[in-house]
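Student: Supplied in structure tokens, the structure appears directly below.
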Amino acid sequence: MRPVEGLPALEGIHLWVLDLGQKTLGPGVLSQEEEARAARFVKALDRERFRAAHQLLRQVLARYLGEPPQALIFGATASGKPFLHAPGRLSPLSFNLAHSAGLGLLALCWEREVGADIEAVTHLEDLPGVAREIMSPAEWQSFQRVPRELAHDVFFGLWTRKEALLKAAGTGLSFNPREIHLGLAPSGAAKVAFQGKIWSVAPVDAAPGAKAAAAIEGPLPEIRILSA
């Protein structure tokens with residue numbers, strides 16, 4: 001993709017780390033549908049973080065496309081994966097947004113399906129029970145040997161990689177994550193056959209106190225981390 005003034009050329013994956021504590025821009029930036037989704041959150045903090053995530057999504061995409069943020073038009077697949085429209089066609093700019101607590105992660109790629117996930121590492125009261133819900137039999141067997149002080153980091157590291165893959169493929173949690181085997185302690189990118197395609201999945205160091213990952217269809221390109 002051609003370079004945009006003030007931005008590196010979009011070659012490979014651009015991962016934008018988003019600060020959701022920023023003050024939102026007020027009305028008129030988000031669509032009516034986005035505002036309606038925000039309004040459904042019970043807690044004011046969750047509403048503001050949702051608005052911040054989606055306003056930053058629009059702002060970042062707009063910079064690459066040279067369009068006003070409020071002019072961008074989004075659609076969604078039958079499984080709910082968002083995509084971006086260009087005039088008269090689908091945009092070749094693929095994106096995926098994730099957020100957890102006050103952090104967001106936005107993955108961008110040119111003409112390849114991409115997914116991202118980020119999770120703040122928090123204490124889970126029933127960590128073994130939650131782990132068994134997302135781990136393959138072999139992963140679960142290995143997890144039982146993980147030292148207690150490392151268990152939460154290992155769990156969230158695996159969870160973000162599986163979530164990034166499911167989001168890239170567009171299935172979300174309609175697909176049982178226990179049927180995917182990625183292993184607990186990757187030294188780098190993993191290749192996995194899923195839904196008739198080969199995907200690359202990699203952990204990324206996005207923010208302190210959080211685990212994050214990116215997934216993309218085909219070989220893993222360079223990943224560049226930026227902040228907004």
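In the structure tokens, chains take letters A, B, ... by order of appearance, with residues numbered from 1 within each chain and ligands from 1 in the order shown.
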Counting only C-alpha atoms, what is within 6 Å of stretch 116-120 of chain A, bar same-chain residues fewer than 4 positions away, as a ChimeraX atom specification?
Tutor: /A:98,100,107,160,164,210-214
Student: Taking the DSSP assignment computed from this structure's backbone, write out as a count of residues only all residues of stretch 23-202 of chain A that belong to strand (DSSP E or B).
Tutor: 44
Student: Using only C-alpha atoms, pick whichever of A:Leu173, A:Ala215, A:Pro8, A:Leu165 has the shortest atom-to-atom distance to A:Arg63.
Tutor: A:Pro8
Student: Could you please determine the separation between atom CA of A:His181 and atom CA of A:Leu158 in Å, to one decimal place?
Tutor: 9.7 Å
Student: Run DSSP on the backbone and grab whatever in stretch 7-199 of chain A lands in helix (DSSP H, G or I); send it over as a ChimeraX atom specification.
Tutor: /A:32-39,44-65,69-71,127-134,137-143,148-169,172-174,177-179
Student: Report as an mmCIF file with C-alpha atoms, in the first residue's frame all protein, DNA and RNA residues lying within 12 Å of A:Ala78, evaluated on only C-alpha atoms, omitting residues in the same chain fewer than 6 positions from it.
Tutor:
```
data_model
loop_
_atom_site.group_PDB
_atom_site.id
_atom_site.type_symbol
_atom_site.label_atom_id
_atom_site.label_comp_id
_atom_site.auth_asym_id
_atom_site.auth_seq_id
_atom_site.Cartn_x
_atom_site.Cartn_y
_atom_site.Cartn_z
ATOM 1 C CA GLY A 170 -14.283 -14.869 11.041
ATOM 2 C CA THR A 171 -15.742 -17.681 13.138
ATOM 3 C CA GLY A 172 -15.464 -16.092 16.570
ATOM 4 C CA SER A 174 -18.979 -20.194 17.330
#
```
Student: As a PyMOL selection string, please: the residues near A:Leu61 (cut-off 12 Å, only C-alpha atoms, same-chain neighbours under 6 positions excluded).
Tutor: chain A and resi 4+7+10+14+16+54-55+67-74+83-86+91+93-97+106-109+228
Student: From the options A:Arg161, A:Ala131, A:Arg37, A:Asp205, which residue's atoms come nearest to A:Arg224, counting only C-alpha atoms?
Tutor: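 For A:Arg224, the nearest of the candidates is A:Asp205.
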Student: I want to know what sits within 9 Å of stretch 185-195 of chain A, based on only C-alpha atoms, with residues of the same chain fewer than 5 positions away left out; could you give that as a VMD selection string?
Tutor: chain A and resid 154 157 to 158 165 169 180 200 to 203 218 to 220
